[in-house]
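Structure file model.txt (compact mmCIF, C-alpha atoms and all ligand atoms) follows.
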# COMPACT_ATOMS: atom_id res chain seq x y z
CA MET A 1161 7.39 18.36 7.61
CA ASN A 1162 9.45 16.30 9.97
CA GLU A 1163 13.08 16.65 10.91
CA PHE A 1164 14.15 14.20 8.24
CA MET A 1165 12.57 16.23 5.47
CA GLU A 1166 13.74 19.63 6.69
CA LYS A 1167 17.36 18.75 7.19
CA ARG A 1168 18.16 15.87 4.95
CA VAL A 1169 16.00 15.66 1.86
CA ASP A 1170 17.25 17.58 -1.13
CA PHE A 1171 14.37 18.50 -3.43
CA LYS A 1172 14.80 20.27 -6.73
CA TRP A 1173 11.52 22.00 -7.54
CA SER A 1174 11.01 23.17 -11.15
CA GLU A 1175 8.50 25.21 -13.14
CA PRO A 1176 5.99 23.09 -15.12
CA LYS A 1177 6.81 22.53 -18.80
CA LYS A 1178 4.30 22.23 -21.65
CA THR A 1179 5.50 18.79 -22.76
CA TYR A 1180 7.05 15.75 -21.14
CA ASP A 1181 7.81 12.20 -22.25
CA VAL A 1182 5.77 10.85 -19.35
CA ILE A 1183 3.16 12.42 -17.06
CA ILE A 1184 2.26 10.56 -13.88
CA ILE A 1185 -0.94 11.69 -12.16
CA GLY A 1186 -0.73 11.24 -8.39
CA GLY A 1187 2.23 11.84 -6.10
CA GLY A 1188 1.66 8.89 -3.80
CA GLY A 1189 4.03 5.96 -3.43
CA HIS A 1190 3.10 4.34 -6.74
CA GLY A 1191 3.42 7.49 -8.83
CA LEU A 1192 6.72 8.50 -7.21
CA SER A 1193 8.12 4.99 -7.39
CA THR A 1194 7.37 4.80 -11.11
CA ALA A 1195 9.20 8.11 -11.64
CA TYR A 1196 12.09 6.81 -9.51
CA TYR A 1197 12.47 3.55 -11.43
CA LEU A 1198 12.07 5.32 -14.80
CA ALA A 1199 15.01 7.52 -13.84
CA THR A 1200 17.23 4.94 -12.16
CA ARG A 1201 16.61 1.87 -14.33
CA HIS A 1202 15.82 3.37 -17.73
CA GLY A 1203 17.38 6.84 -17.73
CA ILE A 1204 13.96 8.39 -18.53
CA THR A 1205 13.82 11.71 -16.70
CA ASN A 1206 11.66 13.99 -18.85
CA VAL A 1207 8.87 13.04 -16.48
CA ALA A 1208 6.36 15.03 -14.43
CA VAL A 1209 4.52 13.75 -11.36
CA LEU A 1210 1.40 15.87 -10.78
CA GLU A 1211 0.03 15.86 -7.25
CA ARG A 1212 -3.12 17.76 -6.34
CA LYS A 1213 -2.11 18.20 -2.68
CA TYR A 1214 1.31 17.26 -1.33
CA ILE A 1215 3.57 14.26 -1.85
CA GLY A 1216 2.35 11.30 0.19
CA GLY A 1217 -0.82 13.15 1.25
CA GLY A 1218 -2.99 10.23 0.11
CA ASN A 1219 -2.92 6.67 1.41
CA SER A 1220 0.85 6.39 1.04
CA GLY A 1221 1.18 8.67 4.05
CA ARG A 1222 -1.79 7.23 5.98
CA ASN A 1223 -1.13 3.52 6.07
CA THR A 1224 0.02 1.17 8.79
CA THR A 1225 3.24 0.37 6.87
CA VAL A 1226 3.08 -3.43 6.84
CA ILE A 1227 5.30 -5.07 4.22
CA ARG A 1228 4.83 -8.79 3.54
CA ALA A 1229 4.49 -11.37 0.77
CA ASN A 1230 2.36 -14.02 2.52
CA TYR A 1231 -0.38 -13.99 -0.10
CA GLY A 1232 -2.58 -16.90 -1.09
CA ILE A 1233 -2.12 -17.23 -4.86
CA PRO A 1234 1.15 -17.88 -6.75
CA GLU A 1235 0.97 -14.71 -8.87
CA ALA A 1236 0.61 -12.51 -5.81
CA VAL A 1237 3.29 -14.31 -3.76
CA LYS A 1238 5.87 -13.81 -6.53
CA PHE A 1239 4.85 -10.19 -7.06
CA TYR A 1240 4.91 -9.13 -3.40
CA GLN A 1241 8.08 -11.12 -2.67
CA ARG A 1242 9.84 -9.03 -5.31
CA SER A 1243 8.68 -5.94 -3.41
CA VAL A 1244 9.87 -7.35 -0.08
CA ASP A 1245 13.30 -7.88 -1.68
CA LEU A 1246 13.37 -4.38 -3.19
CA TYR A 1247 12.40 -2.83 0.16
CA GLU A 1248 15.28 -4.65 1.85
CA SER A 1249 17.82 -2.83 -0.35
CA LEU A 1250 15.96 0.49 -0.73
CA GLU A 1251 17.76 2.21 2.14
CA ASP A 1252 21.17 1.46 0.63
CA GLU A 1253 19.99 2.38 -2.83
CA THR A 1254 18.41 5.73 -1.91
CA GLU A 1255 20.94 6.44 0.86
CA ARG A 1256 18.03 7.38 3.09
CA TRP A 1257 17.08 5.90 6.45
CA LEU A 1258 13.60 4.56 5.80
CA MET A 1259 13.30 2.96 9.24
CA HIS A 1260 12.85 -0.37 7.50
CA LYS A 1261 12.62 -3.09 10.13
CA LYS A 1262 12.18 -6.81 9.67
CA LYS A 1263 9.81 -8.00 12.39
CA GLY A 1264 8.07 -11.12 11.14
CA ILE A 1265 4.30 -11.28 10.81
CA LEU A 1266 2.01 -13.77 12.48
CA TRP A 1267 -1.45 -14.63 11.11
CA LEU A 1268 -3.63 -16.26 13.72
CA ALA A 1269 -6.23 -18.95 13.08
CA HIS A 1270 -9.29 -19.36 15.33
CA SER A 1271 -11.18 -22.17 13.60
CA GLU A 1272 -10.51 -25.45 11.76
CA ALA A 1273 -11.17 -23.68 8.45
CA ALA A 1274 -8.71 -20.92 9.31
CA VAL A 1275 -6.09 -23.51 10.34
CA ARG A 1276 -6.48 -25.18 6.93
CA GLN A 1277 -6.17 -21.77 5.26
CA GLU A 1278 -2.96 -20.90 7.12
CA ARG A 1279 -1.45 -24.32 6.36
CA ALA A 1280 -2.25 -23.78 2.68
CA ARG A 1281 -0.78 -20.26 2.85
CA ALA A 1282 2.50 -21.63 4.24
CA ASP A 1283 2.64 -24.23 1.45
CA VAL A 1284 1.92 -21.85 -1.42
CA ASN A 1285 4.33 -19.27 0.02
CA THR A 1286 7.13 -21.83 0.30
CA ALA A 1287 6.48 -23.08 -3.22
CA PHE A 1288 6.67 -19.60 -4.74
CA GLY A 1289 9.55 -18.06 -2.80
CA ALA A 1290 8.12 -16.49 0.37
CA ASP A 1291 9.33 -17.65 3.78
CA THR A 1292 6.19 -18.72 5.69
CA THR A 1293 5.73 -21.64 8.09
CA TYR A 1294 2.71 -23.08 9.87
CA ILE A 1295 3.06 -22.82 13.66
CA THR A 1296 1.27 -24.32 16.68
CA PRO A 1297 -0.37 -22.37 19.53
CA LYS A 1298 2.69 -23.13 21.71
CA GLU A 1299 4.96 -21.54 19.10
CA VAL A 1300 2.56 -18.57 18.85
CA LYS A 1301 2.94 -18.04 22.61
CA GLU A 1302 6.74 -18.17 22.32
CA LEU A 1303 6.68 -15.46 19.67
CA VAL A 1304 4.09 -13.31 21.47
CA PRO A 1305 4.21 -13.93 25.22
CA GLU A 1306 1.48 -11.26 25.78
CA ILE A 1307 -1.16 -13.23 23.89
CA ASP A 1308 -4.14 -14.86 25.59
CA LEU A 1309 -4.35 -18.15 23.69
CA SER A 1310 -7.94 -18.67 24.87
CA GLY A 1311 -8.91 -15.44 23.11
CA GLY A 1312 -10.96 -14.40 26.14
CA ASN A 1313 -12.76 -17.75 25.80
CA LEU A 1314 -14.27 -16.37 22.61
CA PHE A 1315 -11.59 -16.69 19.92
CA PRO A 1316 -9.16 -19.52 20.85
CA VAL A 1317 -5.86 -19.48 18.98
CA MET A 1318 -5.68 -22.82 17.17
CA GLY A 1319 -2.50 -22.14 15.20
CA GLY A 1320 -1.18 -19.67 12.70
CA SER A 1321 1.29 -18.93 9.96
CA TYR A 1322 4.52 -17.05 10.54
CA HIS A 1323 6.07 -15.04 7.72
CA ALA A 1324 9.59 -14.17 8.79
CA ALA A 1325 10.09 -11.51 6.09
CA GLY A 1326 7.23 -9.34 7.42
CA ALA A 1327 8.51 -5.80 7.98
CA THR A 1328 7.56 -2.16 8.41
CA ALA A 1329 9.10 1.07 7.07
CA ARG A 1330 8.32 4.70 7.80
CA HIS A 1331 5.81 5.64 5.08
CA ASP A 1332 6.60 9.34 4.63
CA ARG A 1333 10.32 8.57 4.40
CA VAL A 1334 9.63 6.07 1.63
CA ASN A 1335 7.62 8.66 -0.33
CA TRP A 1336 10.13 11.44 0.10
CA ALA A 1337 13.17 9.27 -0.65
CA LEU A 1338 11.59 8.13 -3.93
CA ALA A 1339 10.62 11.72 -4.82
CA GLU A 1340 14.11 12.95 -4.07
CA GLY A 1341 15.71 10.12 -6.06
CA ALA A 1342 13.58 10.91 -9.12
CA MET A 1343 13.97 14.70 -8.82
CA LYS A 1344 17.71 14.72 -8.41
CA ARG A 1345 17.97 12.82 -11.69
CA GLY A 1346 15.82 15.40 -13.50
CA ALA A 1347 12.17 14.37 -13.03
CA HIS A 1348 9.73 17.11 -12.04
CA VAL A 1349 7.30 16.81 -9.17
CA HIS A 1350 4.57 19.46 -9.12
CA GLN A 1351 2.56 19.70 -5.93
CA ARG A 1352 -0.80 21.51 -5.74
CA THR A 1353 -1.35 20.56 -9.36
CA GLU A 1354 -4.67 18.81 -9.87
CA VAL A 1355 -5.62 17.07 -13.09
CA ILE A 1356 -9.12 18.29 -13.84
CA ASP A 1357 -9.51 16.68 -17.26
CA LEU A 1358 -7.70 14.57 -19.83
CA ILE A 1359 -6.97 15.86 -23.34
CA LYS A 1360 -7.90 13.23 -25.89
CA LYS A 1361 -7.45 12.80 -29.63
CA GLY A 1362 -9.48 9.90 -30.99
CA ASN A 1363 -8.66 6.88 -28.86
CA LYS A 1364 -5.52 8.46 -27.43
CA VAL A 1365 -4.92 10.44 -24.26
CA ILE A 1366 -2.39 13.10 -25.26
CA GLY A 1367 -2.39 15.50 -22.33
CA VAL A 1368 -3.88 16.75 -19.11
CA LYS A 1369 -5.72 19.88 -18.07
CA THR A 1370 -4.62 21.13 -14.66
CA ASN A 1371 -5.08 24.17 -12.44
CA ASN A 1372 -1.48 25.00 -13.52
CA GLY A 1373 -2.24 24.83 -17.25
CA ASP A 1374 -2.31 22.13 -19.92
CA MET A 1375 0.56 19.65 -20.30
CA TYR A 1376 1.20 17.04 -22.98
CA ALA A 1377 3.08 13.72 -22.98
CA ASP A 1378 3.61 10.52 -25.00
CA VAL A 1379 2.54 8.40 -22.03
CA ILE A 1380 0.18 9.35 -19.21
CA MET A 1381 -0.23 7.15 -16.15
CA SER A 1382 -2.90 7.41 -13.49
CA ALA A 1383 -1.73 6.59 -9.93
CA VAL A 1384 -4.41 8.43 -7.98
CA GLY A 1385 -5.35 5.87 -5.32
CA GLY A 1386 -8.99 6.01 -4.23
CA HIS A 1387 -9.81 8.69 -6.81
CA VAL A 1388 -9.17 6.47 -9.82
CA THR A 1389 -12.76 6.32 -11.06
CA ARG A 1390 -12.73 10.12 -11.51
CA LEU A 1391 -9.74 9.68 -13.85
CA THR A 1392 -11.25 6.77 -15.77
CA ASP A 1393 -14.47 8.79 -16.15
CA MET A 1394 -12.35 11.52 -17.77
CA ALA A 1395 -10.71 8.89 -20.00
CA GLY A 1396 -14.11 7.48 -20.98
CA PHE A 1397 -14.07 3.90 -19.70
CA ARG A 1398 -15.20 2.09 -16.56
CA ILE A 1399 -13.21 -0.04 -14.12
CA PRO A 1400 -14.48 -2.30 -11.36
CA ILE A 1401 -13.21 -0.23 -8.44
CA ARG A 1402 -15.14 0.99 -5.41
CA SER A 1403 -13.67 3.53 -3.03
CA HIS A 1404 -14.03 2.59 0.64
CA PRO A 1405 -12.72 4.39 3.74
CA LEU A 1406 -10.21 2.49 5.88
CA GLN A 1407 -9.40 3.62 9.40
CA ALA A 1408 -6.42 3.08 11.71
CA HIS A 1409 -5.33 4.28 15.14
CA VAL A 1410 -2.37 4.36 17.54
CA THR A 1411 -2.16 4.18 21.31
CA ASN A 1412 0.31 5.81 23.63
CA HIS A 1413 3.71 4.27 24.28
CA TYR A 1414 3.90 0.63 25.44
CA ALA A 1415 6.98 0.35 27.62
CA ARG A 1416 7.99 -3.15 26.49
CA THR A 1417 9.15 -4.24 23.04
CA PHE A 1418 6.43 -5.94 21.03
CA HIS A 1419 8.38 -7.50 18.21
CA PRO A 1420 6.25 -9.21 15.55
CA ILE A 1421 3.30 -7.85 13.63
CA VAL A 1422 0.21 -9.80 14.74
CA ALA A 1423 -2.87 -10.24 12.58
CA SER A 1424 -6.02 -12.31 12.73
CA THR A 1425 -7.71 -13.15 9.45
CA SER A 1426 -10.91 -14.25 11.16
CA LEU A 1427 -11.15 -11.31 13.57
CA LEU A 1428 -9.87 -8.85 10.98
CA PHE A 1429 -7.46 -6.75 12.93
CA TYR A 1430 -3.71 -6.34 13.01
CA VAL A 1431 -1.31 -4.69 15.42
CA SER A 1432 2.35 -3.69 15.42
CA GLN A 1433 4.57 -1.41 17.45
CA THR A 1434 5.92 1.81 15.98
CA ALA A 1435 9.47 3.05 16.46
CA ARG A 1436 8.10 5.40 19.16
CA GLY A 1437 6.65 2.45 21.04
CA GLU A 1438 3.02 3.23 20.16
CA MET A 1439 0.74 0.30 19.33
CA LEU A 1440 -0.59 0.76 15.79
CA MET A 1441 -3.82 -0.98 14.82
CA GLY A 1442 -6.07 -1.39 11.84
CA ALA A 1443 -9.03 -3.47 10.78
CA GLU A 1444 -11.36 -3.93 7.81
CA ILE A 1445 -12.69 -1.28 5.41
CA ASP A 1446 -15.89 0.64 6.16
CA ARG A 1447 -18.75 -1.21 4.47
CA GLN A 1448 -20.25 1.82 2.77
CA PRO A 1449 -18.28 3.05 -0.27
CA SER A 1450 -17.57 6.77 0.06
CA TYR A 1451 -14.93 9.50 -0.11
CA ASN A 1452 -15.51 10.39 3.52
CA TYR A 1453 -12.30 10.93 5.51
CA ARG A 1454 -14.12 11.15 8.85
CA SER A 1455 -13.02 8.67 11.51
CA GLY A 1456 -15.67 7.05 13.68
CA HIS A 1457 -16.16 5.71 17.18
CA HIS A 1458 -17.70 2.50 15.90
CA TYR A 1459 -14.44 1.44 14.24
CA LEU A 1460 -12.42 2.25 17.38
CA GLN A 1461 -14.74 0.29 19.60
CA SER A 1462 -14.93 -2.83 17.46
CA CYS A 1463 -11.23 -2.96 16.49
CA SER A 1464 -10.07 -2.31 20.05
CA PHE A 1465 -12.41 -4.96 21.45
CA ARG A 1466 -11.08 -7.64 19.09
CA ALA A 1467 -7.43 -6.67 19.58
CA ALA A 1468 -7.65 -6.43 23.37
CA THR A 1469 -9.43 -9.79 23.58
CA LEU A 1470 -6.29 -11.49 22.29
CA LEU A 1471 -3.76 -9.01 23.65
CA PRO A 1472 -5.18 -7.91 27.03
CA PHE A 1473 -2.29 -5.49 27.77
CA LEU A 1474 -3.78 -3.16 25.16
CA ARG A 1475 -6.64 -2.35 27.58
CA LYS A 1476 -4.23 -0.35 29.72
CA LEU A 1477 -3.15 1.91 26.86
CA ARG A 1478 -4.86 5.08 25.63
CA ILE A 1479 -5.84 5.88 22.10
CA LEU A 1480 -3.87 8.87 20.83
CA ARG A 1481 -4.81 9.35 17.19
CA GLN A 1482 -7.17 7.95 14.59
CA TRP A 1483 -7.31 8.63 10.86
CA THR A 1484 -8.80 7.48 7.58
CA GLY A 1485 -7.75 6.92 3.97
CA ILE A 1486 -9.83 6.17 0.87
CA CYS A 1487 -9.00 2.80 -0.66
CA ASP A 1488 -9.40 1.71 -4.29
CA MET A 1489 -10.92 -1.74 -3.74
CA SER A 1490 -10.94 -4.20 -6.65
CA PRO A 1491 -13.50 -7.04 -6.64
CA ASP A 1492 -10.83 -9.78 -6.47
CA TYR A 1493 -8.59 -7.98 -3.95
CA SER A 1494 -5.71 -7.87 -6.45
CA PRO A 1495 -4.19 -4.80 -8.16
CA ILE A 1496 -5.12 -3.57 -11.63
CA MET A 1497 -2.02 -2.51 -13.56
CA GLY A 1498 -1.02 -1.72 -17.11
CA LYS A 1499 -2.69 -0.81 -20.36
CA THR A 1500 -6.25 0.49 -20.69
CA PRO A 1501 -8.75 0.76 -23.55
CA MET A 1502 -7.28 4.23 -24.24
CA ASP A 1503 -3.93 4.38 -26.05
CA ASN A 1504 -1.03 6.03 -24.19
CA PHE A 1505 -3.02 5.89 -20.93
CA LEU A 1506 -1.88 3.46 -18.22
CA ILE A 1507 -3.25 2.79 -14.77
CA THR A 1508 -1.94 1.42 -11.52
CA THR A 1509 -4.81 0.92 -9.11
CA GLY A 1510 -6.72 -1.62 -7.07
CA TRP A 1511 -4.21 -1.09 -4.26
CA GLY A 1512 -6.99 -1.13 -1.70
CA THR A 1513 -5.70 -1.80 1.78
CA TRP A 1514 -2.51 -3.52 0.60
CA GLY A 1515 -0.57 -1.20 -1.72
CA PHE A 1516 2.15 0.23 0.55
CA LYS A 1517 4.08 -3.02 0.45
CA ALA A 1518 3.89 -2.98 -3.35
CA ILE A 1519 5.32 0.51 -3.87
CA PRO A 1520 8.78 -0.62 -5.07
CA VAL A 1521 7.61 -3.47 -7.30
CA GLY A 1522 4.65 -1.45 -8.59
CA GLY A 1523 7.00 1.34 -9.67
CA GLU A 1524 9.59 -1.02 -11.06
CA THR A 1525 7.13 -2.90 -13.26
CA MET A 1526 5.18 0.16 -14.46
CA ALA A 1527 8.48 1.88 -15.32
CA GLU A 1528 9.49 -1.17 -17.36
CA LEU A 1529 6.16 -1.14 -19.19
CA ILE A 1530 6.53 2.56 -19.99
CA ALA A 1531 10.17 2.20 -21.09
CA THR A 1532 9.78 -0.92 -23.22
CA GLY A 1533 6.10 -0.92 -24.19
CA LYS A 1534 5.96 -4.55 -23.02
CA THR A 1535 4.02 -5.69 -19.97
CA PRO A 1536 6.42 -7.42 -17.52
CA ASP A 1537 5.52 -11.05 -16.73
CA LEU A 1538 5.11 -10.20 -13.05
CA ILE A 1539 2.10 -7.94 -13.74
CA LYS A 1540 0.51 -9.73 -16.69
CA PRO A 1541 -1.96 -11.51 -14.35
CA PHE A 1542 -3.13 -8.12 -13.01
CA ALA A 1543 -4.22 -6.58 -16.31
CA LEU A 1544 -7.56 -4.74 -16.44
CA ASP A 1545 -8.91 -7.05 -19.17
CA ARG A 1546 -8.87 -10.03 -16.75
CA PHE A 1547 -12.39 -9.06 -15.68
CA ARG A 1548 -13.67 -9.16 -19.26
CA LYS A 1549 -11.91 -12.50 -19.82
CA ASP A 1550 -13.22 -14.00 -16.58
CA ARG A 1551 -9.66 -14.50 -15.26
CA THR A 1552 -9.91 -12.76 -11.90
CA LYS A 1553 -7.16 -13.23 -9.30
CA ALA A 1554 -9.26 -13.73 -6.18
CA ASP A 1555 -7.22 -13.50 -2.97
CA ARG A 1556 -9.56 -12.00 -0.42
CA GLY A 1557 -8.20 -14.08 2.45
CA SER A 1558 -4.81 -12.38 2.09
CA ALA A 1559 -5.98 -8.78 2.07
CA GLY A 1560 -6.60 -8.56 5.80
CA THR A 1561 -10.01 -7.02 5.10
CA HIS A 1562 -13.46 -8.06 3.95
C1 LIG B 1 -5.46 3.28 7.14
C2 LIG B 1 -4.72 2.55 6.05
C3 LIG B 1 -3.84 1.52 6.38
C4 LIG B 1 -3.14 0.86 5.37
N1 LIG B 1 -2.22 -0.08 5.74
C5 LIG B 1 -1.45 -0.68 4.79
C6 LIG B 1 -0.42 -1.59 5.17
O1 LIG B 1 -0.18 -1.80 6.37
N2 LIG B 1 0.29 -2.19 4.20
C7 LIG B 1 0.04 -1.97 2.87
O2 LIG B 1 0.69 -2.58 2.03
N3 LIG B 1 -0.91 -1.08 2.48
C8 LIG B 1 -1.65 -0.43 3.40
N4 LIG B 1 -2.62 0.48 3.04
C9 LIG B 1 -2.86 0.73 1.61
C10 LIG B 1 -1.80 1.65 1.02
O3 LIG B 1 -1.62 2.78 1.84
C11 LIG B 1 -2.22 2.12 -0.39
O4 LIG B 1 -2.64 1.01 -1.14
C12 LIG B 1 -1.09 2.79 -1.12
O5 LIG B 1 -0.54 3.82 -0.34
C13 LIG B 1 -1.60 3.35 -2.44
O6 LIG B 1 -0.61 4.16 -3.01
P1 LIG B 1 -0.99 5.04 -4.27
O7 LIG B 1 0.25 5.77 -4.66
O8 LIG B 1 -1.67 4.19 -5.29
O9 LIG B 1 -2.13 6.03 -3.75
P2 LIG B 1 -2.05 7.33 -2.82
O10 LIG B 1 -0.93 7.25 -1.86
O11 LIG B 1 -3.43 7.54 -2.27
O12 LIG B 1 -1.67 8.48 -3.83
C14 LIG B 1 -2.55 8.96 -4.81
C15 LIG B 1 -2.29 10.46 -4.93
O13 LIG B 1 -3.02 10.95 -6.05
C16 LIG B 1 -3.43 12.26 -5.74
N5 LIG B 1 -4.52 12.61 -6.67
C17 LIG B 1 -5.79 12.13 -6.66
N6 LIG B 1 -6.50 12.68 -7.67
C18 LIG B 1 -5.64 13.52 -8.32
C19 LIG B 1 -5.77 14.37 -9.45
N7 LIG B 1 -6.94 14.47 -10.11
N8 LIG B 1 -4.70 15.11 -9.85
C20 LIG B 1 -3.49 15.01 -9.20
N9 LIG B 1 -3.32 14.21 -8.11
C21 LIG B 1 -4.39 13.49 -7.69
C22 LIG B 1 -3.84 12.20 -4.28
O14 LIG B 1 -3.80 13.46 -3.67
C23 LIG B 1 -2.79 11.24 -3.71
O15 LIG B 1 -1.69 11.92 -3.13
C24 LIG B 1 -3.35 1.19 4.01
C25 LIG B 1 -4.23 2.21 3.67
C26 LIG B 1 -4.90 2.91 4.68
C27 LIG B 1 -5.84 4.01 4.31
Is it possible to express this structure as structure tokens?
Amino acid sequence: MNEFMEKRVDFKWSEPKKTYDVIIIGGGGHGLSTAYYLATRHGITNVAVLERKYIGGGNSGRNTTVIRANYGIPEAVKFYQRSVDLYESLEDETERWLMHKKKGILWLAHSEAAVRQERARADVNTAFGADTTYITPKEVKELVPEIDLSGGNLFPVMGGSYHAAGATARHDRVNWALAEGAMKRGAHVHQRTEVIDLIKKGNKVIGVKTNNGDMYADVIMSAVGGHVTRLTDMAGFRIPIRSHPLQAHVTNHYARTFHPIVASTSLLFYVSQTARGEMLMGAEIDRQPSYNYRSGHHYLQSCSFRAATLLPFLRKLRILRQWTGICDMSPDYSPIMGKTPMDNFLITTGWGTWGFKAIPVGGETMAELIATGKTPDLIKPFALDRFRKDRTKADRGSAGTH
């Protein structure tokens, strides 16, 4: 627990009940956000969030907190822009300081192909409501004076796109504010409660078996991050998700202010400065799918080399901490949300390396689906059956990973 949680957050813990209107499996950002929006937008509070460990103990408390909407396809731009907007008012709404900070995000291009890609990104973003412009190397240098535009004579900066709305927010505060907002309106959150099986009747999921007993509900939603295929195995259908580790690390304090978030799509790394002044970095997923939380030297070496080549000041800093999360990677790098082949059983998954930014909009849209039974337009493109219908939403270039 941090100071914020101990002194400020007001949780109302309850004993588990036998039946609820809605059971949400997984107390990460997406599960908690769905409970929050069910309570605040639809007045649905007979809801339980079941978390096998502790709130935010999955990827929602392990990420690098980048919020942005500079995606490459119209459906994604509109979806993530809605989340950017919701994040901007979330502090006022929850009356919690989430340390939300608008910083702007810069995506660097190091080849003619990457320049074309960033120009196209700026155009599609502008057309669909996200504020992104193409910028020249000179403008890159103005935004980030520390950058070596020659890229150590290896990766010259040839241009980039600048997304002014890019932001960060403190991840654990987001999780706990959403949990508190749902709980104070009557929703239950049960930590240390693991779903070990689903209770089915014909083609319906009607309940869950947990280490705290069986519970039943009219609607059951899986929001279990990288563990989703365990849940879909229990439900009896398959989804195209592979779980890959993703690592990140922070350095010690950098004495100067480093304002924007800087990313390179070709070199696959990104860097931002935390509120403590640490430099926070991440790169691509580990190639081998696994549930292994171990962090490795290979990642540190290769990410640091690429980052320090463009930002030489990083060489003088020391690495303080490194960690890993398990990401639910979809084949088209877009989320999978909504109904499933099993009645009463919904999923929100495929959040891979990009789901923190989507926590508000993911919760808002899943809550609307649960409350109305109708899939909101914003998430129709991300339905599971798109793979069967050959209507994938490929946007790999925007995921910041390969
Ligand atoms: C290193 C790293 C950096 C990242 N950086 C960013 C970033 O900068 N920007 C961004 O947008 N995204 C980022 N992401 C991705 C983002 O963190 C995730 O996509 C997002 O947090 C997913 O939220 P979630 O609620 O779906 O899953 P999670 O937060 O993982 O929550 C799922 C929860 O389900 C619980 N659970 C699992 N199985 C069961 C069960 N059987 N019963 C009960 N509970 C269960 C788990 O304990 C977990 O708490 C990053 C991820 C990592 C790992």
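Closest to Leu1358 in chain A among A:Tyr1214, A:Phe1465, A:Phe1505, A:Phe1429 is A:Phe1505, based on all atoms listed in the file.
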Item to complete: Provide the CA of Gly1319 in chain A to CA of Asp1446 in chain A distance in Å, to one decimal place.
Response: 27.9 Å
Worksheet item: Need the neighbours of (-13.0, 2.1, 14.7): which residues are at most 10 Å away, counting only C-alpha atoms, as a list in words?
Response: Leu1406, Gln1407, Ala1408, His1409, Met1441, Gly1442, Ala1443, Glu1444, Ile1445, Asp1446, Ser1455, Gly1456, His1457, His1458, Tyr1459, Leu1460, Gln1461, Ser1462, Cys1463, Ser1464, Phe1465, Gln1482, Trp1483 and Thr1484 of chain A
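Put simply, atom C9 of ligand LIG 1 (chain B) is 16.0 Å away from CA of Ser1450 in chain A.
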Worksheet item: What does the distance from atom C13 of ligand LIG 1 (chain B) to CA of Lys1177 in chain A come to in Å, to one decimal?
Response: 26.6 Å
Worksheet entry | A:His1419, A:Lys1517, A:Arg1279, A:His1260 ranked by distance to Glu1302 in chain A, top pick (using only C-alpha atoms) | A:His1419
Fill in: Residue nearest ligand LIG 1 (chain B) among A:Ala1273, A:Ala1559, A:Ile1356, A:Val1410 (counting all atoms listed in the file)
A:Ile1356
Item to complete: Determine, counting only C-alpha atoms, which protein, DNA and RNA residues have an atom within 8 Å of an atom of Thr1389 in chain A; residues of the same chain fewer than 3 positions away are not included. Present the result as a VMD selection string.
Response: chain A and resid 1386 1392 to 1393 1398 to 1399 1401
Item to complete: Tell me which of A:Glu1299, A:Asp1332, A:Glu1438, A:Asp1537 sits closest to ligand LIG 1 (chain B), counting all atoms listed in the file.
Response: A:Asp1332
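Closest approach to ligand LIG 1 (chain B) among A:Ala1274, A:Leu1246, A:Ile1227, A:Ala1339 is made by A:Ile1227 (distances from only C-alpha atoms and all ligand atoms).
Of the residues listed (A:Leu1440, A:Val1365, A:Leu1471, A:Ala1527), A:Leu1440 shows the shortest atom-to-atom separation from ligand LIG 1 (chain B); distances use all atoms listed in the file.
For Gln1351 in chain A, the residues within 8 Å (counting all atoms listed in the file, excluding itself and residues fewer than 4 positions away along the chain) are Gly1187, Leu1210, Glu1211, Arg1212, Lys1213, Tyr1214 and Ile1215 of chain A.
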Discussion item. Give me the residues near Tyr1180 in chain A as a PyMOL selection string, where near means some atom within 7 Å (using all atoms listed in the file) and where sequence neighbours in that chain fewer than 5 positions away do not count.
Written reply: chain A and resi 1206-1208+1376-1377
Which residues of range 1215-1250 of chain A have any atom within 12 Å of an atom in range 1491-1497 of chain A when counting all atoms listed in the file, and what is the closest pair of atoms for each, with the distance in Å to one decimal? Order the rows by chain and rising number and write it as CSV.
residue,atom,partner,partner_atom,distance
A:Tyr1231,CA,A:Ser1494,CA,10.3
A:Gly1232,CA,A:Ser1494,CA,11.0
A:Ile1233,CA,A:Ser1494,CA,10.2
A:Glu1235,CA,A:Ser1494,CA,9.9
A:Ala1236,CA,A:Ser1494,CA,7.9
A:Val1237,CA,A:Ser1494,CA,11.4
A:Phe1239,CA,A:Pro1495,CA,10.6
A:Tyr1240,CA,A:Ser1494,CA,11.1
Worksheet entry | Exercise: residues within 9 Å of coordinate (4.9, 9.9, -7.4), counting only C-alpha atoms, as a list in words | Ile1184, Ile1185, Gly1186, Gly1187, Gly1188, Gly1189, His1190, Gly1191, Leu1192, Ser1193, Thr1194, Ala1195, Tyr1196, Ala1208, Val1209, Leu1210, Glu1211, Ile1215, Gly1216, Asn1335, Leu1338, Ala1339, Ala1342, Val1349 and Ala1383 of chain A
